[in-house]
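Coordinates from structure-v8.cif are shown below (mmCIF, C-alpha atoms and all ligand atoms).
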```cif
data_my_file
loop_
_atom_site.label_atom_id
_atom_site.label_comp_id
_atom_site.auth_asym_id
_atom_site.auth_seq_id
_atom_site.Cartn_x
_atom_site.Cartn_y
_atom_site.Cartn_z
CA MET A 122 193.33 113.30 142.72
CA PRO A 123 191.47 110.91 140.36
CA ALA A 124 187.81 111.73 139.71
CA PRO A 125 185.28 109.55 141.55
CA ALA A 126 183.99 106.50 139.73
CA LEU A 127 181.09 106.98 137.35
CA ARG A 128 178.27 104.54 137.98
CA ILE A 129 177.03 102.70 134.91
CA ALA A 130 173.63 100.97 134.85
CA LEU A 131 173.06 98.47 132.09
CA LEU A 132 169.50 97.80 131.00
CA GLY A 133 169.35 94.49 129.16
CA CYS A 134 171.72 91.56 129.10
CA GLY A 135 171.17 89.90 125.74
CA VAL A 136 173.70 89.50 122.96
CA VAL A 137 174.80 93.14 123.12
CA GLY A 138 174.43 93.72 126.86
CA THR A 139 176.60 90.72 127.68
CA GLN A 140 179.37 92.13 125.52
CA VAL A 141 179.02 95.63 127.00
CA ALA A 142 179.42 94.14 130.49
CA ARG A 143 182.44 92.12 129.36
CA LEU A 144 184.18 95.11 127.79
CA LEU A 145 183.51 97.28 130.84
CA ARG A 146 185.16 94.60 132.94
CA GLU A 147 188.04 93.58 130.68
CA GLN A 148 188.97 97.08 129.56
CA ALA A 149 188.37 98.80 132.88
CA ASP A 150 191.91 100.24 133.18
CA ASP A 151 192.02 101.56 129.62
CA LEU A 152 188.54 103.03 129.90
CA ALA A 153 189.40 104.75 133.19
CA ALA A 154 192.53 106.24 131.62
CA ARG A 155 190.59 107.47 128.58
CA VAL A 156 187.76 108.96 130.63
CA GLY A 157 189.76 110.27 133.55
CA ALA A 158 187.62 108.34 136.03
CA PRO A 159 186.83 104.67 136.63
CA LEU A 160 183.61 103.30 135.13
CA GLU A 161 181.82 101.11 137.64
CA LEU A 162 179.10 98.78 136.41
CA VAL A 163 176.66 99.00 139.32
CA GLY A 164 173.96 96.68 138.02
CA ILE A 165 172.29 94.99 135.09
CA ALA A 166 168.51 95.04 134.76
CA VAL A 167 167.07 91.82 133.34
CA ARG A 168 163.69 90.13 133.21
CA ASP A 169 164.90 86.85 134.70
CA VAL A 170 167.90 86.82 137.02
CA ASP A 171 168.10 83.01 136.84
CA ALA A 172 168.56 82.74 133.07
CA PRO A 173 172.00 81.28 132.26
CA ARG A 174 174.56 83.96 131.38
CA ASP A 175 178.23 83.33 130.76
CA GLY A 176 180.74 85.66 132.33
CA ILE A 177 178.21 87.87 134.13
CA ASP A 178 178.54 88.36 137.88
CA PRO A 179 175.11 87.24 139.20
CA ALA A 180 175.39 89.80 142.00
CA LEU A 181 174.98 92.55 139.39
CA LEU A 182 171.64 91.26 138.13
CA THR A 183 168.36 92.79 139.21
CA THR A 184 164.78 92.86 137.99
CA ASP A 185 164.29 96.27 139.59
CA ALA A 186 165.32 98.46 136.66
CA GLU A 187 163.89 101.63 138.21
CA SER A 188 165.98 101.43 141.36
CA LEU A 189 169.03 100.65 139.27
CA VAL A 190 168.45 103.67 137.04
CA ASP A 191 168.09 105.88 140.12
CA ARG A 192 171.64 105.15 141.26
CA ALA A 193 173.48 105.64 137.98
CA ASP A 194 175.43 108.46 136.34
CA ILE A 195 175.16 106.84 132.91
CA VAL A 196 172.37 104.49 131.85
CA VAL A 197 173.00 102.14 128.93
CA GLU A 198 169.86 100.74 127.31
CA VAL A 199 170.12 97.67 125.10
CA ILE A 200 166.68 96.16 125.71
CA GLY A 201 165.00 97.33 122.50
CA GLY A 202 161.33 98.16 121.86
CA LEU A 203 159.40 101.20 123.01
CA GLU A 204 158.52 100.24 126.57
CA PRO A 205 159.93 99.91 129.16
CA PRO A 206 162.99 101.60 127.57
CA ARG A 207 161.25 104.96 127.00
CA ALA A 208 160.02 105.23 130.59
CA LEU A 209 163.34 104.08 132.02
CA LEU A 210 165.40 106.47 129.91
CA LEU A 211 163.12 109.41 130.71
CA ARG A 212 163.40 108.51 134.37
CA ALA A 213 167.19 108.36 134.12
CA ILE A 214 167.37 111.72 132.34
CA ALA A 215 165.04 113.38 134.82
CA ALA A 216 167.30 112.15 137.61
CA GLY A 217 170.33 113.71 135.92
CA ALA A 218 171.90 110.67 134.28
CA SER A 219 173.22 110.68 130.73
CA VAL A 220 171.92 107.89 128.55
CA VAL A 221 173.36 105.69 125.82
CA THR A 222 170.95 103.66 123.76
CA ALA A 223 171.05 101.29 120.80
CA ASN A 224 167.28 101.57 120.43
CA LYS A 225 166.53 102.69 116.86
CA ALA A 226 162.81 101.96 117.17
CA LEU A 227 162.47 104.25 120.18
CA LEU A 228 164.59 107.04 118.66
CA ALA A 229 162.73 106.92 115.36
CA ALA A 230 159.34 106.89 117.08
CA ASP A 231 159.98 109.32 119.89
CA GLY A 232 163.57 110.60 119.88
CA PRO A 233 162.53 114.26 120.27
CA SER A 234 160.95 113.52 123.68
CA LEU A 235 164.25 112.12 124.90
CA TYR A 236 166.24 115.00 123.43
CA ALA A 237 163.93 117.59 124.99
CA ALA A 238 164.12 115.90 128.37
CA ALA A 239 167.91 115.73 128.08
CA ASP A 240 168.04 119.46 127.25
CA ALA A 241 165.96 120.27 130.28
CA ALA A 242 168.18 118.15 132.51
CA GLY A 243 171.48 119.18 130.88
CA VAL A 244 172.54 115.59 130.15
CA ASP A 245 173.56 113.64 127.07
CA VAL A 246 171.73 111.21 124.80
CA TYR A 247 174.13 109.15 122.68
CA PHE A 248 173.01 106.52 120.17
CA GLU A 249 175.81 105.47 117.83
CA ALA A 250 174.77 101.80 118.07
CA ALA A 251 171.23 102.53 116.89
CA VAL A 252 172.30 102.81 113.24
CA ALA A 253 174.46 100.20 111.53
CA GLY A 254 175.90 98.57 114.66
CA ALA A 255 179.66 98.97 114.87
CA ILE A 256 179.93 101.43 112.00
CA PRO A 257 180.67 104.97 113.13
CA ILE A 258 178.00 106.89 111.23
CA VAL A 259 175.95 108.84 113.78
CA ARG A 260 179.02 110.68 115.05
CA PRO A 261 180.43 111.41 111.57
CA VAL A 262 177.11 112.77 110.34
CA ARG A 263 176.31 114.66 113.54
CA GLU A 264 179.79 115.98 114.31
CA SER A 265 182.40 115.45 111.59
CA LEU A 266 180.08 116.75 108.86
CA ALA A 267 178.54 119.51 111.00
CA GLY A 268 180.37 122.06 108.88
CA ASP A 269 179.33 120.56 105.56
CA ARG A 270 176.08 120.19 103.68
CA VAL A 271 174.97 116.60 103.27
CA GLN A 272 173.20 116.02 99.97
CA ARG A 273 172.45 112.36 100.09
CA ILE A 274 172.86 109.28 102.22
CA VAL A 275 172.40 105.83 100.71
CA GLY A 276 172.83 102.97 103.12
CA ILE A 277 172.69 99.24 103.39
CA VAL A 278 171.67 99.35 107.03
CA ASN A 279 170.07 95.95 107.50
CA GLY A 280 172.38 92.96 107.53
CA THR A 281 169.68 90.31 107.42
CA THR A 282 168.20 91.52 104.15
CA ASN A 283 171.63 92.11 102.66
CA TYR A 284 172.52 88.52 103.50
CA VAL A 285 169.27 87.23 101.97
CA LEU A 286 169.72 89.22 98.74
CA ASP A 287 173.38 88.25 98.54
CA GLN A 288 172.52 84.57 98.87
CA MET A 289 169.85 84.93 96.21
CA ALA A 290 172.44 86.47 93.89
CA THR A 291 175.41 84.24 94.56
CA GLU A 292 173.83 80.90 95.49
CA HIS A 293 170.74 81.35 93.30
CA LEU A 294 168.40 80.69 96.22
CA GLY A 295 164.75 81.68 96.28
CA PHE A 296 163.64 84.31 98.79
CA ALA A 297 162.12 81.86 101.30
CA GLU A 298 165.12 79.55 101.11
CA ALA A 299 167.53 82.44 101.71
CA VAL A 300 165.48 83.69 104.68
CA ALA A 301 165.50 80.18 106.17
CA GLN A 302 169.27 80.11 105.80
CA ALA A 303 169.57 83.53 107.47
CA GLN A 304 167.44 82.23 110.33
CA GLY A 305 169.65 79.16 110.66
CA LEU A 306 172.70 81.40 111.01
CA GLY A 307 171.02 83.61 113.58
CA TYR A 308 170.86 86.71 111.35
CA ALA A 309 167.10 86.63 110.88
CA GLU A 310 164.62 86.39 113.73
CA ALA A 311 162.07 83.55 113.85
CA ASP A 312 159.63 86.28 112.74
CA PRO A 313 161.70 88.11 110.13
CA THR A 314 159.08 90.83 109.46
CA ALA A 315 161.01 93.77 110.94
CA ASP A 316 163.95 93.08 108.67
CA VAL A 317 162.40 91.79 105.44
CA GLU A 318 159.59 94.35 105.39
CA GLY A 319 162.07 97.19 105.90
CA TYR A 320 160.85 98.43 109.31
CA ASP A 321 164.30 98.17 110.86
CA ALA A 322 165.89 100.03 107.95
CA ALA A 323 163.14 102.67 107.98
CA ALA A 324 163.85 103.51 111.61
CA LYS A 325 167.55 103.90 110.79
CA ALA A 326 166.71 106.01 107.73
CA ALA A 327 164.58 108.35 109.87
CA ILE A 328 167.44 108.78 112.35
CA LEU A 329 170.08 109.39 109.67
CA ALA A 330 167.88 111.81 107.73
CA SER A 331 167.12 113.80 110.88
CA LEU A 332 170.83 114.13 111.64
CA ALA A 333 171.94 114.82 108.09
CA PHE A 334 169.38 117.49 107.26
CA HIS A 335 168.83 119.03 110.71
CA ILE A 336 165.13 118.29 110.70
CA ARG A 337 162.74 115.94 112.44
CA VAL A 338 161.72 113.04 110.27
CA PRO A 339 158.69 111.22 111.70
CA LEU A 340 158.89 107.49 111.09
CA GLU A 341 155.54 107.57 109.29
CA ASP A 342 157.04 109.93 106.69
CA VAL A 343 159.59 107.32 105.63
CA HIS A 344 158.40 105.50 102.53
CA ARG A 345 159.00 101.80 103.18
CA GLU A 346 159.04 98.77 100.93
CA GLY A 347 160.65 95.50 101.97
CA ILE A 348 162.21 92.71 99.94
CA THR A 349 159.44 90.13 100.10
CA GLY A 350 158.46 90.89 96.51
CA VAL A 351 161.99 90.44 95.16
CA THR A 352 162.15 87.21 93.19
CA ALA A 353 165.03 84.99 92.13
CA GLU A 354 164.17 86.10 88.59
CA ASP A 355 164.62 89.78 89.53
CA VAL A 356 167.99 89.02 91.03
CA ALA A 357 169.09 87.04 87.98
CA TRP A 358 167.96 89.79 85.59
CA ALA A 359 169.74 92.34 87.72
CA ALA A 360 172.95 90.40 87.26
CA SER A 361 172.44 90.13 83.53
CA THR A 362 172.10 93.91 83.27
CA GLY A 363 175.15 94.61 85.44
CA HIS A 364 173.35 95.24 88.73
CA VAL A 365 172.81 93.73 92.15
CA VAL A 366 169.60 94.08 94.15
CA LYS A 367 170.07 95.80 97.51
CA LEU A 368 167.66 97.04 100.16
CA LEU A 369 168.60 100.71 100.41
CA ALA A 370 167.82 103.36 102.98
CA ILE A 371 167.95 106.67 101.18
CA ALA A 372 167.79 110.21 102.52
CA GLU A 373 168.29 112.94 99.97
CA ARG A 374 167.94 116.64 99.65
CA THR A 375 166.06 117.90 96.61
CA ASP A 376 165.04 121.38 95.50
CA ASP A 377 161.70 120.90 97.24
CA GLY A 378 162.67 119.22 100.49
CA VAL A 379 163.94 115.89 101.71
CA SER A 380 163.04 112.43 100.48
CA VAL A 381 163.47 109.56 102.93
CA ARG A 382 162.75 106.06 101.76
CA VAL A 383 163.58 102.39 102.08
CA HIS A 384 163.11 100.05 99.16
CA PRO A 385 164.89 97.42 97.13
CA ALA A 386 166.83 98.84 94.21
CA LEU A 387 169.17 97.81 91.45
CA VAL A 388 172.68 99.06 92.15
CA PRO A 389 175.28 99.00 89.34
CA VAL A 390 178.07 96.53 90.09
CA SER A 391 180.54 99.40 89.75
CA HIS A 392 179.07 101.26 92.74
CA PRO A 393 180.85 100.74 96.10
CA LEU A 394 177.60 99.59 97.73
CA ALA A 395 177.32 96.71 95.26
CA GLY A 396 180.37 95.09 96.84
CA VAL A 397 178.83 94.98 100.30
CA ARG A 398 178.36 91.27 100.78
CA GLY A 399 176.71 88.97 103.30
CA ALA A 400 175.38 90.54 106.48
CA PHE A 401 177.66 93.57 106.29
CA ASN A 402 176.33 97.14 106.29
CA ALA A 403 177.63 100.24 104.56
CA VAL A 404 176.58 103.85 104.38
CA PHE A 405 177.49 106.02 101.42
CA VAL A 406 177.36 109.75 102.09
CA GLU A 407 177.55 112.57 99.56
CA ALA A 408 178.33 115.96 101.04
CA GLU A 409 178.83 119.23 99.22
CA SER A 410 182.42 119.83 100.29
CA ALA A 411 183.60 116.43 101.50
CA GLY A 412 182.36 114.68 98.38
CA GLU A 413 181.71 110.97 98.57
CA LEU A 414 182.35 109.05 101.80
CA MET A 415 181.72 105.40 102.55
CA PHE A 416 181.42 103.77 105.96
CA TYR A 417 181.54 99.99 106.05
CA GLY A 418 181.43 97.26 108.70
CA ARG A 419 179.35 95.01 110.85
CA GLY A 420 175.85 96.30 111.44
CA ALA A 421 174.86 93.85 114.13
CA GLY A 422 176.24 91.30 116.57
CA GLY A 423 177.20 91.45 120.22
CA ALA A 424 180.79 92.67 120.24
CA PRO A 425 180.51 94.97 117.20
CA THR A 426 177.42 96.72 118.58
CA ALA A 427 178.99 96.85 122.05
CA SER A 428 181.97 98.65 120.52
CA ALA A 429 179.67 101.47 119.41
CA VAL A 430 177.94 101.50 122.81
CA LEU A 431 181.25 101.71 124.66
CA GLY A 432 182.40 104.60 122.47
CA ASP A 433 179.27 106.47 123.54
CA VAL A 434 179.79 105.55 127.17
CA VAL A 435 183.30 107.00 127.01
CA SER A 436 181.99 110.21 125.41
CA ALA A 437 179.22 110.62 127.98
CA ALA A 438 181.65 109.84 130.80
CA ARG A 439 184.24 112.33 129.56
CA ASN A 440 181.59 115.02 129.43
CA ARG A 441 180.75 114.35 133.04
CA VAL A 442 184.38 114.43 134.11
CA LEU A 443 185.29 117.55 132.13
CA GLY A 444 181.92 119.32 132.27
CA GLY A 445 179.79 120.22 129.28
CA ARG A 446 177.58 118.22 126.97
CA GLY A 447 177.89 116.37 123.73
CA PRO A 448 175.94 117.35 120.62
CA VAL A 449 172.27 118.14 121.12
CA GLU A 450 169.39 117.71 118.71
CA SER A 451 169.68 120.00 115.70
CA SER A 452 166.34 120.42 113.94
CA TYR A 453 166.43 124.06 112.89
CA ALA A 454 166.21 123.51 109.13
CA ASP A 455 163.02 124.37 107.30
CA LEU A 456 162.90 121.45 104.89
CA PRO A 457 159.69 119.49 104.33
CA VAL A 458 159.79 115.71 104.13
CA LEU A 459 158.42 114.96 100.68
CA PRO A 460 155.74 112.37 99.93
CA ALA A 461 156.90 109.13 98.35
CA SER A 462 155.22 110.03 95.08
CA ALA A 463 157.67 112.92 94.63
CA ALA A 464 160.82 110.78 94.90
CA MET A 465 162.89 110.92 91.71
CA THR A 466 164.52 107.68 90.61
CA ARG A 467 165.45 105.72 87.54
CA TYR A 468 163.53 102.52 86.99
CA GLN A 469 163.96 99.19 85.33
CA VAL A 470 160.66 97.78 84.13
CA ARG A 471 160.43 94.27 82.72
CA VAL A 472 157.43 93.36 80.61
CA ASP A 473 156.39 90.42 78.48
CA VAL A 474 154.89 91.55 75.20
CA VAL A 475 153.54 89.97 72.07
CA ASP A 476 156.36 90.07 69.56
CA ARG A 477 154.77 91.78 66.57
CA PRO A 478 155.36 95.01 64.66
CA GLY A 479 154.51 98.24 66.48
CA VAL A 480 154.45 96.86 70.01
CA LEU A 481 157.66 98.53 71.09
CA ALA A 482 156.33 101.82 69.74
CA GLN A 483 153.11 101.41 71.77
CA VAL A 484 155.05 100.75 74.95
CA ALA A 485 157.37 103.68 74.25
CA ALA A 486 154.35 105.91 73.61
CA ALA A 487 152.82 104.94 76.96
CA LEU A 488 156.01 106.04 78.69
CA ALA A 489 156.21 109.24 76.65
CA ASP A 490 152.57 110.06 77.44
CA HIS A 491 153.49 110.16 81.13
CA GLY A 492 156.67 112.16 80.62
CA VAL A 493 158.91 109.20 81.40
CA SER A 494 162.01 109.16 79.25
CA ILE A 495 163.57 105.88 78.14
CA GLU A 496 167.29 105.45 78.65
CA ALA A 497 167.63 101.95 77.19
CA VAL A 498 165.51 99.05 75.99
CA ARG A 499 166.70 95.54 75.69
CA GLN A 500 164.64 92.84 74.06
CA SER A 501 165.13 89.11 74.44
CA GLN A 502 163.16 85.92 74.50
CA ALA A 503 160.76 85.83 77.43
CA PRO A 504 161.91 83.83 80.48
CA ALA A 505 159.93 80.64 81.08
CA ALA A 506 157.57 81.20 83.99
CA PRO A 507 155.70 84.50 83.87
CA ALA A 508 155.42 86.19 87.23
CA ALA A 509 152.83 88.83 86.52
CA VAL A 510 152.59 91.99 88.55
CA THR A 511 149.75 93.01 86.27
CA ALA A 512 148.51 91.10 83.29
CA THR A 513 145.94 91.79 80.69
CA ALA A 514 146.71 88.78 78.50
CA THR A 515 144.27 89.84 75.84
CA ALA A 516 146.74 88.96 73.11
CA GLU A 517 146.73 85.78 71.16
CA VAL A 518 148.74 83.32 73.24
CA ALA A 519 150.08 81.71 70.10
CA ASP A 520 152.01 84.87 69.18
CA PRO A 521 155.72 84.79 69.97
CA VAL A 522 156.51 86.49 73.27
CA ALA A 523 159.34 88.95 73.84
CA HIS A 524 160.75 90.19 77.11
CA LEU A 525 161.49 93.91 77.28
CA VAL A 526 163.82 95.37 79.86
CA ILE A 527 163.21 99.11 79.85
CA THR A 528 165.48 101.39 81.82
CA THR A 529 164.19 104.91 82.31
CA HIS A 530 165.78 108.25 83.01
CA THR A 531 164.78 109.76 86.34
CA ALA A 532 161.06 110.07 86.89
CA THR A 533 158.84 110.58 89.90
CA ASP A 534 157.28 107.59 91.64
CA ALA A 535 153.90 109.02 90.71
CA ALA A 536 154.75 109.27 86.99
CA LEU A 537 156.21 105.80 86.96
CA ALA A 538 153.20 104.27 88.73
CA ALA A 539 150.84 105.85 86.20
CA THR A 540 153.09 104.67 83.37
CA VAL A 541 153.18 101.09 84.58
CA GLU A 542 149.43 101.08 84.90
CA ALA A 543 149.06 102.35 81.35
CA VAL A 544 151.60 99.86 79.99
CA GLY A 545 149.80 97.03 81.76
CA THR A 546 146.55 97.82 79.96
CA LEU A 547 148.04 97.64 76.45
CA ASP A 548 146.67 94.71 74.47
CA ALA A 549 150.12 93.59 73.43
CA VAL A 550 151.46 93.54 76.99
CA LEU A 551 151.07 90.09 78.53
CA SER A 552 152.51 90.87 81.92
CA VAL A 553 154.49 93.44 83.83
CA ARG A 554 156.94 91.13 85.48
CA SER A 555 158.82 93.57 87.65
CA VAL A 556 159.34 97.24 88.44
CA LEU A 557 162.51 98.05 90.34
CA ARG A 558 164.21 101.34 91.05
CA VAL A 559 167.77 101.90 89.93
CA GLU A 560 170.00 103.82 92.35
CA GLY A 561 173.61 104.80 92.56
CA SER A 562 174.57 105.68 89.05
N1 LIG A 601 168.26 93.08 112.49
C1 LIG A 601 169.22 94.07 112.12
C2 LIG A 601 169.95 93.62 110.89
C3 LIG A 601 170.24 94.37 113.17
O1 LIG A 601 169.69 92.54 110.35
O2 LIG A 601 170.79 94.36 110.43
C4 LIG A 601 169.76 95.29 114.21
O3 LIG A 601 169.30 96.49 113.67
#
```
Structure encoded using structure tokens:
Amino acid sequence: MPAPALRIALLGCGVVGTQVARLLREQADDLAARVGAPLELVGIAVRDVDAPRDGIDPALLTTDAESLVDRADIVVEVIGGLEPPRALLLRAIAAGASVVTANKALLAADGPSLYAAADAAGVDVYFEAAVAGAIPIVRPVRESLAGDRVQRIVGIVNGTTNYVLDQMATEHLGFAEAVAQAQGLGYAEADPTADVEGYDAAAKAAILASLAFHIRVPLEDVHREGITGVTAEDVAWAASTGHVVKLLAIAERTDDGVSVRVHPALVPVSHPLAGVRGAFNAVFVEAESAGELMFYGRGAGGAPTASAVLGDVVSAARNRVLGGRGPVESSYADLPVLPASAAMTRYQVRVDVVDRPGVLAQVAAALADHGVSIEAVRQSQAPAAPAAVTATATAEVADPVAHLVITTHTATDAALAATVEAVGTLDAVLSVRSVLRVEGS
């Protein structure tokens, strides 16, 4: 005898929710066969039932999300934001429903509350769609690599910023122009802050780091820098030194703990992440036994994100049919999350200096004084318009000006910051044009 239908409640009917509802309808027979029971969409909670929606049965719509949650076996949340999703998901869990959410902000801010509630109720919390949209990365890290030891995850997990940086590199656009283009194409929001300031990527980094290292990573422990300070000049210089600029989410194990950070970085063109173009996402994982793995695909969009949601719905539904639960939170490891100042990276520092004897030696001495080792220095004529990060400009302006591109060996953020400050105070240094990390080599 076939198992009784599982009741699915959908919270939210935007770009992703619409596609989840469509796939539940169009693939009903396949999904039932895969699960071993039919999946019945019993309702969709929305703010406004009268808003125009293509392909959605109006009879399913309700503004009473609480009542809907109370009559579901599986609750799918694609609203976003902290409230009302948190209250609704906790209500669903307490009532014995499993939940599937795409809500990275909620998981990064308060995932442990949901996991604890799910443990108490013996239900599942699945969230593949919360990180990098369609790309299977939560399940691989949480399950496929459960027998390995992840060393490092480096991801391009925000499509909007990747699109912006890619346009700056390939079409030679300025930052504002590229953001406007991303907005025109619907990648960037009218207020692009969450993407361009790295908040979205930081939430994803916190989730990935928690899974990879079996710890809890509070969102406030993720060092975050966005791309608003990246200039067309930075992008052009990156190209001339064989790099592309990418916004990276990095989670890595060190001898002292775990470093979790989001910042723009120069990536060598030979690295697989350098080839991730447009609004695509990719996550590069280094694990002790598996070695290097790369996951690539669409990190946003209705159907791609709905694909990840549906995969979770099938998993949660199978668990209910067969009995048992999916993976639970694993936070047993005793690894501190390190402060940003402890992160070890290589850097590329660009400075304008007065071109006279001994200047290079002074700059090199300032680096040496702070224990920062130089890997390479390239000198050329200074680019036209100085864009000073710091400037002392005490030198004679009539002196010829040289542009130094200094690449360092790995150094801590703290050492590099002190170095840059010291370099900026040298008489012969006219401006520190840019300081960018170098990753992936
Ligand atoms: N705004 C995100 C991005 C998608 O641009 O990748 C949702 O996390």
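For the choices A:Gly254, A:Pro460, A:Gly378, A:Gly545, the atom-to-atom distance to ligand LIG 601 (chain A) is smallest for A:Gly254 when using all atoms listed in the file.
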Report task. Starting from the point (180.4, 104.3, 138.5), work out which residues of protein, DNA or RNA have an atom no more than 7 Å away when counting only C-alpha atoms; state them as a VMD selection string. Result -> chain A and resid 126 to 129 159 to 163 194
Query - Close residues to ligand LIG 601 (chain A) using only C-alpha atoms and all ligand atoms, limit 9 Å, as number ranges by chain - result: A: 223-225, 250-254, 277-284, 308-310, 313, 315-317, 321-322, 325, 400-402, 419-422, 426
Using only C-alpha atoms, tabulate the residues of stretch 418-488 of chain A lying at most 10 Å from any atom of stretch 343-360 of chain A, each with its closest atom pair and that distance in Å to one decimal, by chain and increasing residue number, as JSON lines.
```
{"residue": "A:Val458", "atom": "CA", "partner": "A:Val343", "partner_atom": "CA", "distance": 8.5}
{"residue": "A:Leu459", "atom": "CA", "partner": "A:Val343", "partner_atom": "CA", "distance": 9.2}
{"residue": "A:Pro460", "atom": "CA", "partner": "A:His344", "partner_atom": "CA", "distance": 7.8}
{"residue": "A:Ala461", "atom": "CA", "partner": "A:His344", "partner_atom": "CA", "distance": 5.7}
{"residue": "A:Ser462", "atom": "CA", "partner": "A:His344", "partner_atom": "CA", "distance": 9.3}
{"residue": "A:Ala464", "atom": "CA", "partner": "A:His344", "partner_atom": "CA", "distance": 9.6}
{"residue": "A:Gln469", "atom": "CA", "partner": "A:Ala359", "partner_atom": "CA", "distance": 9.3}
{"residue": "A:Arg471", "atom": "CA", "partner": "A:Asp355", "partner_atom": "CA", "distance": 9.2}
```
Query raised in the report: If you measure from atom CA of A:Ala267 to atom CA of A:Glu413, what distance in Å do you get, rounded to one decimal?
Result: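 Computing it gives 15.4 Å between the two atoms.
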Report task. For atom CA of A:Glu249 and atom CA of A:Gly157, determine how far apart the two atoms are, in Å to one decimal place. Result ->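 Distance reported for this atom pair: 21.6 Å.
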Residues at most 12 Å from A:Tyr453, counting all atoms listed in the file, excluding those fewer than 2 positions away in the same chain, as a compact mmCIF listing (two decimals) with C-alpha atoms, in the frame of the given file?
```txt
# COMPACT_ATOMS: atom_id res chain seq x y z
CA SER A 331 167.12 113.80 110.88
CA LEU A 332 170.83 114.13 111.64
CA ALA A 333 171.94 114.82 108.09
CA PHE A 334 169.38 117.49 107.26
CA HIS A 335 168.83 119.03 110.71
CA ILE A 336 165.13 118.29 110.70
CA ARG A 337 162.74 115.94 112.44
CA VAL A 449 172.27 118.14 121.12
CA GLU A 450 169.39 117.71 118.71
CA SER A 451 169.68 120.00 115.70
CA ASP A 455 163.02 124.37 107.30
CA LEU A 456 162.90 121.45 104.89
CA PRO A 457 159.69 119.49 104.33
```
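Atom CA of A:Ala429 lies 18.5 Å from atom CA of A:Gly232.
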Query raised in the report: Taking into account all atoms listed in the file, which residue in the set A:Val493, A:Ala372, A:Val285, A:Val136 is nearest to A:Gly399?
Result: A:Val285
**Report entry** Surrounding residues of stretch 176-182 of chain A excluding itself and chain neighbours under 2 positions, 7 Å, all atoms listed in the file, as a PyMOL selection string
**Finding:** chain A and resi 163-167+170+174
Query raised in the report: Quick one: of A:Asp287, A:Gly412, A:Leu306, A:Gly444, who's nearest to A:Arg398, counting all atoms listed in the file?
Result: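 Ranking A:Asp287, A:Gly412, A:Leu306, A:Gly444 by distance to A:Arg398, first place goes to A:Asp287.
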Would you pick out the contacts of A:Arg441 at 9 Å or less, using only C-alpha atoms, so that residues sharing its chain but fewer than 4 positions from it are not included, and give the list as a PDB file with C-alpha atoms, in the coordinates of the input?
```
ATOM      1  CA  LEU A 127     181.090 106.980 137.350  1.00  0.00           C
ATOM      2  CA  ASP A 194     175.430 108.460 136.340  1.00  0.00           C
ATOM      3  CA  SER A 219     173.220 110.680 130.730  1.00  0.00           C
ATOM      4  CA  VAL A 244     172.540 115.590 130.150  1.00  0.00           C
ATOM      5  CA  SER A 436     181.990 110.210 125.410  1.00  0.00           C
ATOM      6  CA  ALA A 437     179.220 110.620 127.980  1.00  0.00           C
ATOM      7  CA  GLY A 445     179.790 120.220 129.280  1.00  0.00           C
ATOM      8  CA  ARG A 446     177.580 118.220 126.970  1.00  0.00           C
TER       9      ARG A 446
END
```
**Report entry** Minimum-distance residue to A:Leu203, chosen among A:Val137, A:Leu228, A:Leu557, A:Leu547 (using all atoms listed in the file)
**Finding:** A:Leu228
Write out as CSV a residue-level contact list of stretch 358-393 of chain A versus stretch 526-537 of chain A with cut-off 12 Å: for each qualifying residue the closest pair of atoms and the distance in Å to one decimal, counting only C-alpha atoms, rows sorted by chain and residue number upward.
```
residue,atom,partner,partner_atom,distance
A:Trp358,CA,A:Val526,CA,9.0
A:Ala359,CA,A:Val526,CA,10.3
A:Ser361,CA,A:Val526,CA,10.7
A:Thr362,CA,A:Val526,CA,9.1
A:Ser380,CA,A:Thr533,CA,11.5
A:Arg382,CA,A:Asp534,CA,11.6
A:Leu387,CA,A:Thr528,CA,10.9
```
Query - Proximity to A:His524 - best of A:Leu145, A:Met415, A:Ala549, A:His384, all atoms listed in the file - result: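 So, comparing all the options, the nearest one is A:Ala549.
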Query raised in the report: Using only C-alpha atoms, which residue out of A:Ala427, A:Ala239, A:Ala153, A:Val406 lies closest to A:Ala330?
Result: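 Smallest distance to A:Ala330 is found for A:Val406.
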